[in-house]
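Notes follow once the structure below has been shown.
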Amino acid sequence: MNQLVKREQRVENILLSLKKLSYLSRSQIQALHDLGGERNAQKILKSMGEYLNSFREGETIYYLSKEGRERIGASRVNKKTTTAQHYIMRNTLYIGYQSPGTWKNEIRFSVEGIATVICDATFTHGEQRYIIEVDYMQKMNANKAKIQKYQKLIDVGAFGKVLPKFVWITTTEYRRKQLQKLSKDLDVQVFTISEFN
């Protein structure tokens with residue numbers, strides 16, 4: 001009985017991670033849920049087939065099926081998408097920061113008449129707010145506009161006394177340098193995805 005309860009709890013936890021993070025690669029599920037080696041992880045995920053949909057993009061990417069959503073009460077419907085890599089990169093930082101309990105995706109920061117910006121994710125650690133941004137295939141001008149909006153919000157005190165730390169994840173060293181240059185007045189750290197592989 002105990003094994004069955006543990007197995008069901010693991011299924012539930014994996015489904016809840018997918019509810020929170022939308023899309024996860026096999027290796028990300030493995031890391032988040034301590035599934036051991038690749039073969040064991042694949043066996044577990046295969047046994048959960050009715051609750052999961054998947055597609056290949058480099059490695060297998062999983063998201064909740066209709067049955068999976070019903071089992072845990074998730075309302076958001078995800079589909080196979082070309083933007084899944086954006087989510088995978090964001091989740092790389094979620095895992096890299098040890099899955100913060102305060103992590104929230106796509107939060108709006110706004111000051112009426114000044115600026116509105118939606119971050120890819122944010123979390124707090126003590127007093128410190130971290131703002132997560134993913135640069136997957138955006139035009140650099142879109143990133144520049146977003147950074148300028150954050151600067152305006154900081155200038156009017158929207159974040160209070162403790163200024164946020166910005167954490168970007170991008171695809172290439174060249175893009176990292178561009179983001180660092182654009183963010184020179186902010187407390188920023190820019191990672192490339194290859195640093196996590």
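Quick note on naming: the chains in the structure tokens go A, B, ... in the order shown, residues restart at 1 in each chain, and ligands are numbered from 1 in order of appearance.
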Worksheet item: What are the DSSP alpha helix (DSSP H) residues of segment 111-197 of chain A, as a PyMOL selection string?
Response: chain A and resi 140-155+173-182
Query raised in the report: Excluding same-chain residues fewer than 6 positions from segment 130-134 of chain A, what lies within 6 Å of it counting only C-alpha atoms, as a list of chain:residue names?
Result: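 Contacts, in chain order: A:Asp120, A:Ala121, A:Thr122, A:Phe123, A:Thr124, A:Pro164, A:Lys165, A:Phe166, A:Val167, A:Trp168, A:Ile169.
Distance annotation: of A:Lys161, A:Gln178, A:Arg7, A:Arg76, the residue with the minimal separation from Ser47 of chain A is A:Arg7; atom set is only C-alpha atoms.
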Who sits within 12 Å of Thr116 of chain A, only C-alpha atoms, same chain under 4 positions skipped, as an mmCIF file with all heavy atoms, in the first residue's frame:
data_model
loop_
_atom_site.group_PDB
_atom_site.id
_atom_site.type_symbol
_atom_site.label_atom_id
_atom_site.label_comp_id
_atom_site.auth_asym_id
_atom_site.auth_seq_id
_atom_site.Cartn_x
_atom_site.Cartn_y
_atom_site.Cartn_z
ATOM 1 N N ILE A 107 3.781 38.239 -14.307
ATOM 2 C CA ILE A 107 3.190 39.208 -13.382
ATOM 3 C C ILE A 107 3.322 40.616 -13.972
ATOM 4 O O ILE A 107 4.364 40.973 -14.530
ATOM 5 C CB ILE A 107 3.889 39.129 -12.001
ATOM 6 C CG1 ILE A 107 3.656 37.753 -11.362
ATOM 7 C CG2 ILE A 107 3.422 40.250 -11.069
ATOM 8 C CD1 ILE A 107 2.213 37.395 -11.072
ATOM 9 N N ARG A 108 2.250 41.369 -13.824
ATOM 10 C CA ARG A 108 2.219 42.733 -14.370
ATOM 11 C C ARG A 108 2.714 43.726 -13.309
ATOM 12 O O ARG A 108 2.255 43.704 -12.171
ATOM 13 C CB ARG A 108 0.784 43.070 -14.764
ATOM 14 C CG ARG A 108 0.553 44.505 -15.234
ATOM 15 C CD ARG A 108 -0.926 44.796 -15.337
ATOM 16 N NE ARG A 108 -1.594 43.856 -16.210
ATOM 17 C CZ ARG A 108 -1.787 44.059 -17.515
ATOM 18 N NH1 ARG A 108 -1.393 45.177 -18.075
ATOM 19 N NH2 ARG A 108 -2.408 43.141 -18.243
ATOM 20 N N PHE A 109 3.639 44.593 -13.711
ATOM 21 C CA PHE A 109 4.068 45.725 -12.884
ATOM 22 C C PHE A 109 3.594 46.980 -13.609
ATOM 23 O O PHE A 109 3.830 47.132 -14.802
ATOM 24 C CB PHE A 109 5.592 45.760 -12.725
ATOM 25 C CG PHE A 109 6.143 44.567 -11.998
ATOM 26 C CD1 PHE A 109 6.820 43.571 -12.682
ATOM 27 C CD2 PHE A 109 5.988 44.436 -10.622
ATOM 28 C CE1 PHE A 109 7.324 42.463 -12.024
ATOM 29 C CE2 PHE A 109 6.490 43.336 -9.951
ATOM 30 C CZ PHE A 109 7.159 42.353 -10.654
ATOM 31 N N SER A 110 2.926 47.864 -12.871
ATOM 32 C CA SER A 110 2.315 48.987 -13.553
ATOM 33 C C SER A 110 2.220 50.200 -12.647
ATOM 34 O O SER A 110 1.940 50.076 -11.459
ATOM 35 C CB SER A 110 0.904 48.567 -13.998
ATOM 36 O OG SER A 110 0.317 49.568 -14.752
ATOM 37 N N VAL A 111 2.477 51.363 -13.227
ATOM 38 C CA VAL A 111 2.175 52.631 -12.569
ATOM 39 C C VAL A 111 1.390 53.432 -13.595
ATOM 40 O O VAL A 111 1.878 53.678 -14.706
ATOM 41 C CB VAL A 111 3.450 53.390 -12.125
ATOM 42 C CG1 VAL A 111 3.090 54.785 -11.641
ATOM 43 C CG2 VAL A 111 4.184 52.618 -11.043
ATOM 44 N N GLU A 112 0.166 53.774 -13.228
ATOM 45 C CA GLU A 112 -0.750 54.487 -14.115
ATOM 46 C C GLU A 112 -0.062 55.672 -14.791
ATOM 47 O O GLU A 112 0.551 56.499 -14.128
ATOM 48 C CB GLU A 112 -1.948 54.979 -13.287
ATOM 49 C CG GLU A 112 -3.099 55.518 -14.098
ATOM 50 C CD GLU A 112 -3.871 54.429 -14.843
ATOM 51 O OE1 GLU A 112 -4.056 53.336 -14.276
ATOM 52 O OE2 GLU A 112 -4.275 54.696 -15.970
ATOM 53 N N ALA A 145 12.909 48.061 -25.188
ATOM 54 C CA ALA A 145 11.692 48.764 -24.748
ATOM 55 C C ALA A 145 11.271 48.287 -23.359
ATOM 56 O O ALA A 145 10.878 49.089 -22.499
ATOM 57 C CB ALA A 145 10.572 48.542 -25.761
ATOM 58 N N LYS A 146 11.382 46.988 -23.125
ATOM 59 C CA LYS A 146 11.003 46.422 -21.829
ATOM 60 C C LYS A 146 11.931 46.940 -20.730
ATOM 61 O O LYS A 146 11.478 47.340 -19.658
ATOM 62 C CB LYS A 146 11.078 44.893 -21.906
ATOM 63 C CG LYS A 146 10.200 44.192 -20.916
ATOM 64 C CD LYS A 146 10.090 42.705 -21.209
ATOM 65 C CE LYS A 146 8.855 42.136 -20.552
ATOM 66 N NZ LYS A 146 8.724 40.695 -20.684
ATOM 67 N N ILE A 147 13.215 46.965 -20.999
ATOM 68 C CA ILE A 147 14.208 47.455 -20.028
ATOM 69 C C ILE A 147 13.936 48.930 -19.703
ATOM 70 O O ILE A 147 13.997 49.343 -18.534
ATOM 71 C CB ILE A 147 15.646 47.235 -20.566
ATOM 72 C CG1 ILE A 147 15.958 45.719 -20.573
ATOM 73 C CG2 ILE A 147 16.670 48.007 -19.735
ATOM 74 C CD1 ILE A 147 17.167 45.337 -21.403
ATOM 75 N N GLN A 148 13.596 49.710 -20.722
ATOM 76 C CA GLN A 148 13.295 51.135 -20.492
ATOM 77 C C GLN A 148 12.054 51.296 -19.603
ATOM 78 O O GLN A 148 12.012 52.190 -18.754
ATOM 79 C CB GLN A 148 13.103 51.860 -21.827
ATOM 80 C CG GLN A 148 14.415 52.046 -22.575
ATOM 81 C CD GLN A 148 14.241 52.534 -24.008
ATOM 82 O OE1 GLN A 148 13.178 52.394 -24.609
ATOM 83 N NE2 GLN A 148 15.301 53.107 -24.561
ATOM 84 N N LYS A 149 11.065 50.415 -19.787
ATOM 85 C CA LYS A 149 9.864 50.480 -18.924
ATOM 86 C C LYS A 149 10.225 50.156 -17.476
ATOM 87 O O LYS A 149 9.751 50.812 -16.549
ATOM 88 C CB LYS A 149 8.795 49.508 -19.431
ATOM 89 C CG LYS A 149 8.097 49.985 -20.681
ATOM 90 C CD LYS A 149 7.072 48.973 -21.134
ATOM 91 C CE LYS A 149 6.396 49.404 -22.425
ATOM 92 N NZ LYS A 149 5.420 48.401 -22.876
ATOM 93 N N TYR A 150 11.066 49.147 -17.289
ATOM 94 C CA TYR A 150 11.507 48.831 -15.926
ATOM 95 C C TYR A 150 12.230 50.034 -15.311
ATOM 96 O O TYR A 150 12.025 50.348 -14.145
ATOM 97 C CB TYR A 150 12.450 47.616 -15.924
ATOM 98 C CG TYR A 150 11.743 46.286 -16.036
ATOM 99 C CD1 TYR A 150 12.089 45.366 -17.018
ATOM 100 C CD2 TYR A 150 10.745 45.920 -15.131
ATOM 101 C CE1 TYR A 150 11.456 44.132 -17.113
ATOM 102 C CE2 TYR A 150 10.100 44.692 -15.214
ATOM 103 C CZ TYR A 150 10.470 43.800 -16.210
ATOM 104 O OH TYR A 150 9.838 42.589 -16.292
ATOM 105 N N GLN A 151 13.068 50.692 -16.095
ATOM 106 C CA GLN A 151 13.823 51.848 -15.604
ATOM 107 C C GLN A 151 12.858 52.951 -15.158
ATOM 108 O O GLN A 151 13.040 53.552 -14.104
ATOM 109 C CB GLN A 151 14.778 52.353 -16.689
ATOM 110 C CG GLN A 151 15.784 53.377 -16.180
ATOM 111 C CD GLN A 151 16.681 52.850 -15.073
ATOM 112 O OE1 GLN A 151 17.453 51.923 -15.266
ATOM 113 N NE2 GLN A 151 16.586 53.439 -13.883
ATOM 114 N N LYS A 152 11.807 53.184 -15.943
ATOM 115 C CA LYS A 152 10.804 54.198 -15.569
ATOM 116 C C LYS A 152 10.116 53.826 -14.258
ATOM 117 O O LYS A 152 9.900 54.688 -13.399
ATOM 118 C CB LYS A 152 9.748 54.330 -16.673
ATOM 119 C CG LYS A 152 10.212 55.104 -17.888
ATOM 120 C CD LYS A 152 9.090 55.182 -18.914
ATOM 121 C CE LYS A 152 9.584 55.887 -20.167
ATOM 122 N NZ LYS A 152 8.620 55.766 -21.283
ATOM 123 N N LEU A 153 9.767 52.550 -14.108
ATOM 124 C CA LEU A 153 9.106 52.104 -12.873
ATOM 125 C C LEU A 153 10.030 52.266 -11.668
ATOM 126 O O LEU A 153 9.594 52.669 -10.585
ATOM 127 C CB LEU A 153 8.646 50.644 -13.007
ATOM 128 C CG LEU A 153 7.492 50.401 -13.980
ATOM 129 C CD1 LEU A 153 7.241 48.906 -14.157
ATOM 130 C CD2 LEU A 153 6.221 51.106 -13.531
ATOM 131 N N ILE A 154 11.320 51.972 -11.862
ATOM 132 C CA ILE A 154 12.302 52.156 -10.777
ATOM 133 C C ILE A 154 12.410 53.640 -10.430
ATOM 134 O O ILE A 154 12.409 54.022 -9.252
ATOM 135 C CB ILE A 154 13.675 51.574 -11.179
ATOM 136 C CG1 ILE A 154 13.593 50.039 -11.156
ATOM 137 C CG2 ILE A 154 14.781 52.075 -10.256
ATOM 138 C CD1 ILE A 154 14.789 49.342 -11.777
ATOM 139 N N ALA A 158 8.401 52.465 -7.941
ATOM 140 C CA ALA A 158 7.379 51.413 -7.980
ATOM 141 C C ALA A 158 7.779 50.144 -7.215
ATOM 142 O O ALA A 158 6.917 49.382 -6.783
ATOM 143 C CB ALA A 158 7.061 51.054 -9.429
#
Among A:Gly160, A:Gly96, A:Gly73, A:Gly58, Arg129 of chain A is approached most closely, using only C-alpha atoms, by A:Gly160
With DSSP run on the backbone, what are the strand (DSSP E) residues within segment 44-184 of chain A? I'd like them as a PyMOL selection string.
chain A and resi 52-57+59-64+104-105+108-111+115-118+121-125+128-134+165-170
Min atom-atom distance to Ala142 of chain A from the set A:Thr172, A:Leu179, A:Ala41, A:Ala115, counting only C-alpha atoms, belongs to A:Leu179
Near Phe55 of chain A, counting only C-alpha atoms, which residues have an atom at most 12 Å away, once you skip same-chain residues fewer than 2 positions from it, shown as a PDB file with all heavy atoms, in the first residue's frame?
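Wrote it out as selection_23.pdb, contents follow:
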ATOM      1  N   TYR A  23       5.071  23.860 -19.401  1.00  0.00           N
ATOM      2  CA  TYR A  23       5.820  22.875 -20.199  1.00  0.00           C
ATOM      3  C   TYR A  23       7.097  22.518 -19.453  1.00  0.00           C
ATOM      4  O   TYR A  23       7.758  23.408 -18.921  1.00  0.00           O
ATOM      5  CB  TYR A  23       6.222  23.446 -21.568  1.00  0.00           C
ATOM      6  CG  TYR A  23       5.059  23.853 -22.428  1.00  0.00           C
ATOM      7  CD1 TYR A  23       4.529  25.137 -22.346  1.00  0.00           C
ATOM      8  CD2 TYR A  23       4.475  22.960 -23.326  1.00  0.00           C
ATOM      9  CE1 TYR A  23       3.451  25.523 -23.133  1.00  0.00           C
ATOM     10  CE2 TYR A  23       3.403  23.332 -24.120  1.00  0.00           C
ATOM     11  CZ  TYR A  23       2.891  24.618 -24.011  1.00  0.00           C
ATOM     12  OH  TYR A  23       1.822  24.988 -24.788  1.00  0.00           O
ATOM     13  N   LEU A  24       7.444  21.246 -19.448  1.00  0.00           N
ATOM     14  CA  LEU A  24       8.710  20.812 -18.842  1.00  0.00           C
ATOM     15  C   LEU A  24       9.342  19.753 -19.728  1.00  0.00           C
ATOM     16  O   LEU A  24       8.651  18.882 -20.256  1.00  0.00           O
ATOM     17  CB  LEU A  24       8.477  20.220 -17.445  1.00  0.00           C
ATOM     18  CG  LEU A  24       8.169  21.206 -16.318  1.00  0.00           C
ATOM     19  CD1 LEU A  24       7.582  20.490 -15.115  1.00  0.00           C
ATOM     20  CD2 LEU A  24       9.422  21.975 -15.926  1.00  0.00           C
ATOM     21  N   SER A  25      10.654  19.820 -19.862  1.00  0.00           N
ATOM     22  CA  SER A  25      11.369  18.771 -20.593  1.00  0.00           C
ATOM     23  C   SER A  25      11.534  17.566 -19.676  1.00  0.00           C
ATOM     24  O   SER A  25      11.400  17.680 -18.452  1.00  0.00           O
ATOM     25  CB  SER A  25      12.740  19.275 -21.051  1.00  0.00           C
ATOM     26  OG  SER A  25      13.566  19.492 -19.918  1.00  0.00           O
ATOM     27  N   ARG A  26      11.829  16.421 -20.258  1.00  0.00           N
ATOM     28  CA  ARG A  26      12.031  15.214 -19.469  1.00  0.00           C
ATOM     29  C   ARG A  26      13.113  15.432 -18.419  1.00  0.00           C
ATOM     30  O   ARG A  26      12.942  15.090 -17.255  1.00  0.00           O
ATOM     31  CB  ARG A  26      12.392  14.035 -20.391  1.00  0.00           C
ATOM     32  CG  ARG A  26      12.371  12.679 -19.686  1.00  0.00           C
ATOM     33  CD  ARG A  26      13.710  12.025 -19.503  1.00  0.00           C
ATOM     34  NE  ARG A  26      14.649  12.280 -20.552  1.00  0.00           N
ATOM     35  CZ  ARG A  26      15.895  12.722 -20.336  1.00  0.00           C
ATOM     36  NH1 ARG A  26      16.330  12.965 -19.118  1.00  0.00           N
ATOM     37  NH2 ARG A  26      16.718  12.930 -21.338  1.00  0.00           N
ATOM     38  N   LEU A  52      -0.648  13.084 -19.625  1.00  0.00           N
ATOM     39  CA  LEU A  52       0.363  13.921 -20.276  1.00  0.00           C
ATOM     40  C   LEU A  52       0.228  13.915 -21.786  1.00  0.00           C
ATOM     41  O   LEU A  52      -0.122  12.903 -22.383  1.00  0.00           O
ATOM     42  CB  LEU A  52       1.774  13.422 -19.920  1.00  0.00           C
ATOM     43  CG  LEU A  52       2.136  13.315 -18.443  1.00  0.00           C
ATOM     44  CD1 LEU A  52       3.506  12.674 -18.287  1.00  0.00           C
ATOM     45  CD2 LEU A  52       2.112  14.685 -17.783  1.00  0.00           C
ATOM     46  N   ASN A  53       0.538  15.043 -22.390  1.00  0.00           N
ATOM     47  CA  ASN A  53       0.791  15.133 -23.825  1.00  0.00           C
ATOM     48  C   ASN A  53       2.264  15.462 -23.970  1.00  0.00           C
ATOM     49  O   ASN A  53       2.879  16.030 -23.051  1.00  0.00           O
ATOM     50  CB  ASN A  53      -0.050  16.245 -24.464  1.00  0.00           C
ATOM     51  CG  ASN A  53      -1.508  15.885 -24.540  1.00  0.00           C
ATOM     52  OD1 ASN A  53      -1.868  14.727 -24.745  1.00  0.00           O
ATOM     53  ND2 ASN A  53      -2.375  16.876 -24.369  1.00  0.00           N
ATOM     54  N   GLU A  57      11.240  18.322 -29.083  1.00  0.00           N
ATOM     55  CA  GLU A  57      11.939  19.535 -29.523  1.00  0.00           C
ATOM     56  C   GLU A  57      13.304  19.481 -28.861  1.00  0.00           C
ATOM     57  O   GLU A  57      13.491  19.961 -27.759  1.00  0.00           O
ATOM     58  CB  GLU A  57      11.168  20.792 -29.120  1.00  0.00           C
ATOM     59  CG  GLU A  57      11.636  22.022 -29.882  1.00  0.00           C
ATOM     60  CD  GLU A  57      10.815  23.252 -29.567  1.00  0.00           C
ATOM     61  OE1 GLU A  57       9.630  23.293 -29.924  1.00  0.00           O
ATOM     62  OE2 GLU A  57      11.398  24.165 -28.960  1.00  0.00           O
ATOM     63  N   GLY A  58      14.245  18.813 -29.516  1.00  0.00           N
ATOM     64  CA  GLY A  58      15.505  18.467 -28.866  1.00  0.00           C
ATOM     65  C   GLY A  58      15.242  17.244 -28.012  1.00  0.00           C
ATOM     66  O   GLY A  58      15.479  16.119 -28.414  1.00  0.00           O
ATOM     67  N   GLU A  59      14.693  17.450 -26.800  1.00  0.00           N
ATOM     68  CA  GLU A  59      14.255  16.306 -25.998  1.00  0.00           C
ATOM     69  C   GLU A  59      12.729  16.348 -25.889  1.00  0.00           C
ATOM     70  O   GLU A  59      12.092  17.259 -26.413  1.00  0.00           O
ATOM     71  CB  GLU A  59      14.943  16.279 -24.633  1.00  0.00           C
ATOM     72  CG  GLU A  59      14.627  17.405 -23.700  1.00  0.00           C
ATOM     73  CD  GLU A  59      15.297  17.228 -22.330  1.00  0.00           C
ATOM     74  OE1 GLU A  59      15.257  16.124 -21.761  1.00  0.00           O
ATOM     75  OE2 GLU A  59      15.845  18.224 -21.836  1.00  0.00           O
ATOM     76  N   THR A  60      12.152  15.382 -25.227  1.00  0.00           N
ATOM     77  CA  THR A  60      10.688  15.337 -25.125  1.00  0.00           C
ATOM     78  C   THR A  60      10.201  16.414 -24.164  1.00  0.00           C
ATOM     79  O   THR A  60      10.732  16.572 -23.065  1.00  0.00           O
ATOM     80  CB  THR A  60      10.225  13.943 -24.648  1.00  0.00           C
ATOM     81  OG1 THR A  60      10.769  12.970 -25.536  1.00  0.00           O
ATOM     82  CG2 THR A  60       8.709  13.833 -24.679  1.00  0.00           C
ATOM     83  N   ILE A  61       9.188  17.168 -24.621  1.00  0.00           N
ATOM     84  CA  ILE A  61       8.565  18.229 -23.830  1.00  0.00           C
ATOM     85  C   ILE A  61       7.170  17.740 -23.436  1.00  0.00           C
ATOM     86  O   ILE A  61       6.417  17.263 -24.279  1.00  0.00           O
ATOM     87  CB  ILE A  61       8.415  19.531 -24.664  1.00  0.00           C
ATOM     88  CG1 ILE A  61       9.728  19.948 -25.334  1.00  0.00           C
ATOM     89  CG2 ILE A  61       7.820  20.654 -23.817  1.00  0.00           C
ATOM     90  CD1 ILE A  61      10.807  20.433 -24.438  1.00  0.00           C
ATOM     91  N   TYR A  62       6.842  17.867 -22.149  1.00  0.00           N
ATOM     92  CA  TYR A  62       5.560  17.392 -21.630  1.00  0.00           C
ATOM     93  C   TYR A  62       4.669  18.562 -21.219  1.00  0.00           C
ATOM     94  O   TYR A  62       5.160  19.602 -20.777  1.00  0.00           O
ATOM     95  CB  TYR A  62       5.783  16.500 -20.401  1.00  0.00           C
ATOM     96  CG  TYR A  62       6.459  15.199 -20.741  1.00  0.00           C
ATOM     97  CD1 TYR A  62       7.852  15.097 -20.740  1.00  0.00           C
ATOM     98  CD2 TYR A  62       5.715  14.074 -21.093  1.00  0.00           C
ATOM     99  CE1 TYR A  62       8.482  13.904 -21.073  1.00  0.00           C
ATOM    100  CE2 TYR A  62       6.335  12.879 -21.430  1.00  0.00           C
ATOM    101  CZ  TYR A  62       7.714  12.805 -21.420  1.00  0.00           C
ATOM    102  OH  TYR A  62       8.325  11.626 -21.763  1.00  0.00           O
ATOM    103  N   TYR A  63       3.361  18.339 -21.358  1.00  0.00           N
ATOM    104  CA  TYR A  63       2.366  19.272 -20.837  1.00  0.00           C
ATOM    105  C   TYR A  63       1.110  18.475 -20.496  1.00  0.00           C
ATOM    106  O   TYR A  63       0.996  17.301 -20.868  1.00  0.00           O
ATOM    107  CB  TYR A  63       2.093  20.417 -21.818  1.00  0.00           C
ATOM    108  CG  TYR A  63       1.584  19.999 -23.187  1.00  0.00           C
ATOM    109  CD1 TYR A  63       0.244  20.126 -23.525  1.00  0.00           C
ATOM    110  CD2 TYR A  63       2.454  19.488 -24.156  1.00  0.00           C
ATOM    111  CE1 TYR A  63      -0.228  19.752 -24.776  1.00  0.00           C
ATOM    112  CE2 TYR A  63       1.995  19.115 -25.415  1.00  0.00           C
ATOM    113  CZ  TYR A  63       0.653  19.254 -25.717  1.00  0.00           C
ATOM    114  OH  TYR A  63       0.191  18.878 -26.960  1.00  0.00           O
ATOM    115  N   LEU A  64       0.187  19.090 -19.768  1.00  0.00           N
ATOM    116  CA  LEU A  64      -0.983  18.369 -19.257  1.00  0.00           C
ATOM    117  C   LEU A  64      -1.988  18.042 -20.358  1.00  0.00           C
ATOM    118  O   LEU A  64      -2.313  18.896 -21.181  1.00  0.00           O
ATOM    119  CB  LEU A  64      -1.697  19.198 -18.183  1.00  0.00           C
ATOM    120  CG  LEU A  64      -0.944  19.440 -16.880  1.00  0.00           C
ATOM    121  CD1 LEU A  64      -1.716  20.421 -16.001  1.00  0.00           C
ATOM    122  CD2 LEU A  64      -0.693  18.138 -16.137  1.00  0.00           C
ATOM    123  N   LYS A  79      -1.033  23.685 -25.552  1.00  0.00           N
ATOM    124  CA  LYS A  79      -0.989  22.868 -26.764  1.00  0.00           C
ATOM    125  C   LYS A  79       0.451  22.772 -27.243  1.00  0.00           C
ATOM    126  O   LYS A  79       1.317  23.504 -26.767  1.00  0.00           O
ATOM    127  CB  LYS A  79      -1.845  23.516 -27.857  1.00  0.00           C
ATOM    128  CG  LYS A  79      -3.336  23.607 -27.511  1.00  0.00           C
ATOM    129  CD  LYS A  79      -4.140  23.916 -28.737  1.00  0.00           C
ATOM    130  CE  LYS A  79      -5.635  23.900 -28.587  1.00  0.00           C
ATOM    131  NZ  LYS A  79      -6.253  23.231 -27.514  1.00  0.00           N
ATOM    132  N   LYS A  80       0.671  21.879 -28.194  1.00  0.00           N
ATOM    133  CA  LYS A  80       1.994  21.816 -28.822  1.00  0.00           C
ATOM    134  C   LYS A  80       2.251  23.192 -29.426  1.00  0.00           C
ATOM    135  O   LYS A  80       1.383  23.750 -30.105  1.00  0.00           O
ATOM    136  CB  LYS A  80       1.990  20.748 -29.910  1.00  0.00           C
ATOM    137  CG  LYS A  80       3.328  20.609 -30.587  1.00  0.00           C
ATOM    138  CD  LYS A  80       3.341  19.533 -31.639  1.00  0.00           C
ATOM    139  CE  LYS A  80       4.708  19.543 -32.297  1.00  0.00           C
ATOM    140  NZ  LYS A  80       4.829  18.553 -33.340  1.00  0.00           N
ATOM    141  N   THR A  81       3.402  23.760 -29.160  1.00  0.00           N
ATOM    142  CA  THR A  81       3.664  25.128 -29.596  1.00  0.00           C
ATOM    143  C   THR A  81       5.125  25.314 -29.978  1.00  0.00           C
ATOM    144  O   THR A  81       6.006  24.642 -29.449  1.00  0.00           O
ATOM    145  CB  THR A  81       3.290  26.133 -28.481  1.00  0.00           C
ATOM    146  OG1 THR A  81       3.658  27.450 -28.902  1.00  0.00           O
ATOM    147  CG2 THR A  81       4.005  25.823 -27.172  1.00  0.00           C
ATOM    148  N   THR A  82       5.344  26.254 -30.868  1.00  0.00           N
ATOM    149  CA  THR A  82       6.720  26.569 -31.270  1.00  0.00           C
ATOM    150  C   THR A  82       7.402  27.436 -30.212  1.00  0.00           C
ATOM    151  O   THR A  82       8.614  27.624 -30.262  1.00  0.00           O
ATOM    152  CB  THR A  82       6.743  27.328 -32.617  1.00  0.00           C
ATOM    153  OG1 THR A  82       5.872  28.474 -32.493  1.00  0.00           O
ATOM    154  CG2 THR A  82       6.255  26.450 -33.754  1.00  0.00           C
ATOM    155  N   ALA A  84       7.463  26.720 -26.997  1.00  0.00           N
ATOM    156  CA  ALA A  84       7.735  25.914 -25.794  1.00  0.00           C
ATOM    157  C   ALA A  84       9.140  26.181 -25.257  1.00  0.00           C
ATOM    158  O   ALA A  84       9.350  26.176 -24.041  1.00  0.00           O
ATOM    159  CB  ALA A  84       7.557  24.432 -26.098  1.00  0.00           C
ATOM    160  N   GLN A  85      10.093  26.450 -26.138  1.00  0.00           N
ATOM    161  CA  GLN A  85      11.476  26.674 -25.706  1.00  0.00           C
ATOM    162  C   GLN A  85      11.577  27.871 -24.757  1.00  0.00           C
ATOM    163  O   GLN A  85      12.398  27.884 -23.843  1.00  0.00           O
ATOM    164  CB  GLN A  85      12.389  26.851 -26.935  1.00  0.00           C
ATOM    165  CG  GLN A  85      13.843  26.562 -26.675  1.00  0.00           C
ATOM    166  CD  GLN A  85      14.113  25.193 -26.048  1.00  0.00           C
ATOM    167  OE1 GLN A  85      13.570  24.178 -26.462  1.00  0.00           O
ATOM    168  NE2 GLN A  85      14.945  25.157 -25.048  1.00  0.00           N
TER     169      GLN A  85
END
For Leu93 of chain A, the closest of A:Gln28, A:Ser17, A:Gln180, A:Gln42 counting only C-alpha atoms is A:Gln28
Which of these, A:Val5, A:Leu15, A:Val156, A:Leu163, has the shortest distance to His33 of chain A once you count only C-alpha atoms?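 Looking only at the distances to His33 of chain A, the closest residue turns out to be A:Leu15.
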Judged by only C-alpha atoms, the minimum distance to Arg90 of chain A among A:Lys20, A:Arg176, A:Arg69, A:Lys46 is found for A:Lys20
Atom CA of Ile118 of chain A to atom CA of Ser65 of chain A, straight-line distance in Å: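 Answer for the atom CA of Ser65 of chain A to atom CA of Ile118 of chain A separation: 27.1 Å.
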- Find the residues around Arg175 of chain A up to 12 Å (only C-alpha atoms counted), leave out those fewer than 3 positions away in its own chain, and share them as a PyMOL selection string. chain A and resi 134-141+143-144+168-172+178-182+190-193
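Separating atom CA of Gly68 of chain A from atom CA of Leu18 of chain A is a distance of 9.3 Å.
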